[in-house]
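A.B. asks: Shown below is the structure under consideration.
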Amino acid sequence: MHAQYRVRESLWVTVPLTLETFCNQLRTSLQLPAFEFDSENVWEWGLTKIENGFVEVNISRKHDGGEPLFEEPLTILLLVEDNALAKYDRDWVISHLVPEFGQVIANLTKQATYYGTVEYLGGDEFIFNPSRTFQSVT
């Protein structure tokens with residue numbers, strides 16, 4: 001059974017790293033638990049859980065036959081499960097996790113990293129609407 005989420009916040013970055021390399025670098029920088037990886041016909045993803053398992057970090061990108069599509073953004077979803085403690089609300093994610101993940105990703109990749117909304121258009125197509133940009137400071 002899949003978890004239900006009460007908070008869903010999105011960051012994204014376009015970078016020429018494989019999903020596994022990116023996740024492992026992020027894991028080291030933020031001292032995250034190990035990621036589990038999987039894929040289907042269009043998407044590949046890595047998942048880990050933080051905050052006693054109440055928050056899922058889901059990183060995904062399109063691929064083509066197992067080959068990464070580096071021109072496609074890596075999307076980093078910060079997901080709070082419905083059964084999480086009350087303190088893990090949207091304000092907490094936006095004030096704690098978004099700045100931490102956004103800045104670390106920008107520093108790691110040396111690329112602008114965006115936070116905002118991702119609008120589903122249908123099929124496998126999305127529009128990314130940034131409301132905040134993180135720039136590398138290292």
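Letters A, B, ... go to the chains of the structure tokens in the order shown; residues in each chain start at 1; ligands are counted from 1 in the same order.
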Give the strand (DSSP E) residues of stretch 22-137 of chain A, as DSSP finds them on the backbone, and put them as number ranges by chain.

C.D. replies: A: 36-39, 43-50, 55-64, 67-68, 74-81, 113-122, 125-134

A.B. asks: Near A:Glu36, counting only C-alpha atoms, which residues have an atom at most 10 Å away, once you skip same-chain residues fewer than 6 positions from it, shown as a PDB file with N, CA, C and O atoms, in the first residue's frame?

C.D. replies:
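Written output follows (part_29.pdb):
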```
ATOM      1  N   GLU A  20      21.823   8.107  -9.549  1.00  0.00           N
ATOM      2  CA  GLU A  20      22.503   7.461  -8.426  1.00  0.00           C
ATOM      3  C   GLU A  20      23.658   8.310  -7.905  1.00  0.00           C
ATOM      4  O   GLU A  20      23.833   8.470  -6.690  1.00  0.00           O
ATOM      5  N   CYS A  23      22.116  11.310  -5.998  1.00  0.00           N
ATOM      6  CA  CYS A  23      21.560  10.892  -4.701  1.00  0.00           C
ATOM      7  C   CYS A  23      22.661  10.567  -3.699  1.00  0.00           C
ATOM      8  O   CYS A  23      22.560  10.930  -2.517  1.00  0.00           O
ATOM      9  N   TRP A  45      13.988   6.692 -10.252  1.00  0.00           N
ATOM     10  CA  TRP A  45      13.881   7.431  -8.998  1.00  0.00           C
ATOM     11  C   TRP A  45      14.714   6.790  -7.901  1.00  0.00           C
ATOM     12  O   TRP A  45      15.074   5.616  -7.959  1.00  0.00           O
ATOM     13  N   GLY A  46      15.002   7.651  -6.903  1.00  0.00           N
ATOM     14  CA  GLY A  46      15.644   7.218  -5.674  1.00  0.00           C
ATOM     15  C   GLY A  46      14.818   7.726  -4.511  1.00  0.00           C
ATOM     16  O   GLY A  46      14.317   8.856  -4.547  1.00  0.00           O
ATOM     17  N   LEU A  47      14.646   6.881  -3.490  1.00  0.00           N
ATOM     18  CA  LEU A  47      13.832   7.228  -2.329  1.00  0.00           C
ATOM     19  C   LEU A  47      14.611   6.993  -1.047  1.00  0.00           C
ATOM     20  O   LEU A  47      15.349   6.015  -0.926  1.00  0.00           O
ATOM     21  N   THR A  48      14.399   7.867  -0.080  1.00  0.00           N
ATOM     22  CA  THR A  48      14.865   7.647   1.282  1.00  0.00           C
ATOM     23  C   THR A  48      13.887   8.339   2.218  1.00  0.00           C
ATOM     24  O   THR A  48      13.069   9.154   1.768  1.00  0.00           O
ATOM     25  N   LYS A  49      13.968   8.005   3.486  1.00  0.00           N
ATOM     26  CA  LYS A  49      13.085   8.621   4.483  1.00  0.00           C
ATOM     27  C   LYS A  49      13.931   9.246   5.578  1.00  0.00           C
ATOM     28  O   LYS A  49      14.964   8.698   5.973  1.00  0.00           O
ATOM     29  N   ASN A  58      12.066  11.992  -2.430  1.00  0.00           N
ATOM     30  CA  ASN A  58      11.844  11.251  -3.663  1.00  0.00           C
ATOM     31  C   ASN A  58      12.483  12.049  -4.793  1.00  0.00           C
ATOM     32  O   ASN A  58      12.054  13.165  -5.095  1.00  0.00           O
TER      33      ASN A  58
END
```

A.B. asks: List as a PyMOL selection string the protein and nucleic acid residues near stretch 116-127 of chain A, meaning an atom at most 7 Å away when only C-alpha atoms are counted, but skip any in the same chain fewer than 4 places from it.

C.D. replies: chain A and resi 10-11+131-132

A.B. asks: Could you write out that same residue set with N, CA and C atoms as a PDB file, in the first residue's frame?

C.D. replies:
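Okay, part31.pdb is ready:
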```pdb
ATOM      1  N   SER A  10       8.312  20.794  -3.969  1.00  0.00           N
ATOM      2  CA  SER A  10       9.189  20.408  -5.077  1.00  0.00           C
ATOM      3  C   SER A  10      10.374  21.346  -5.248  1.00  0.00           C
ATOM      4  N   LEU A  11      11.530  20.740  -5.443  1.00  0.00           N
ATOM      5  CA  LEU A  11      12.738  21.426  -5.881  1.00  0.00           C
ATOM      6  C   LEU A  11      13.174  20.747  -7.174  1.00  0.00           C
ATOM      7  N   SER A 131       9.445  29.679  -7.682  1.00  0.00           N
ATOM      8  CA  SER A 131       9.151  30.844  -6.842  1.00  0.00           C
ATOM      9  C   SER A 131      10.381  31.255  -6.029  1.00  0.00           C
ATOM     10  N   ARG A 132      11.413  30.402  -6.014  1.00  0.00           N
ATOM     11  CA  ARG A 132      12.654  30.720  -5.302  1.00  0.00           C
ATOM     12  C   ARG A 132      13.793  30.009  -6.005  1.00  0.00           C
TER      13      ARG A 132
END
```

A.B. asks: Might you pull out every residue within 9 Å of A:Val15, with only C-alpha atoms counted and same-chain residues fewer than 2 positions away left off, and present them as a list in words?

C.D. replies: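 Using only C-alpha atoms, the neighbours found are Val13, Leu17, Thr18, Phe22, Phe70, Glu71, Glu72, Pro73, Leu74, Thr109, Lys110 and Gln111 of chain A.
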
A.B. asks: Under the rule that only C-alpha atoms are counted, which of A:Tyr115, A:Phe37, A:Trp43, A:Phe54 is the nearest residue to A:Leu77?

C.D. replies: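 Result for the nearest residue to A:Leu77: A:Tyr115.
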
A.B. asks: Closest to A:Thr14 among A:Thr133, A:Asp82, A:Arg61, A:Asp89, using only C-alpha atoms?

C.D. replies: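 Looking only at the distances to A:Thr14, the closest residue turns out to be A:Arg61.
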
A.B. asks: Looking at A:Leu108, A:Pro99, A:Tyr114, A:Val55, which one is nearest to A:Ser136, with distances taken over only C-alpha atoms?

C.D. replies: A:Leu108

A.B. asks: My list of candidates is A:Glu56, A:Asp64, A:Glu51, A:Glu9. Which is closest to A:Leu85 when distances are computed with only C-alpha atoms?

C.D. replies: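 With only C-alpha atoms as the atom set, the closest residue is A:Glu51.
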
A.B. asks: Which of these residues is nearest to A:Arg6, using only C-alpha atoms: A:Leu79, A:Asn107, A:Val98, A:Ala86?

C.D. replies: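 Using only C-alpha atoms, A:Arg6 sits closest to A:Leu79.
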
A.B. asks: What is the distance between atom CA of A:Gln25 and atom CA of A:Lys62, in Å to one decimal?

C.D. replies: 19.4 Å

A.B. asks: Rank A:His63, A:His96, A:Arg90, A:Arg27 by their smallest atom-to-atom distance to A:Val7, using only C-alpha atoms, and report the top residue only.

C.D. replies: A:Arg90
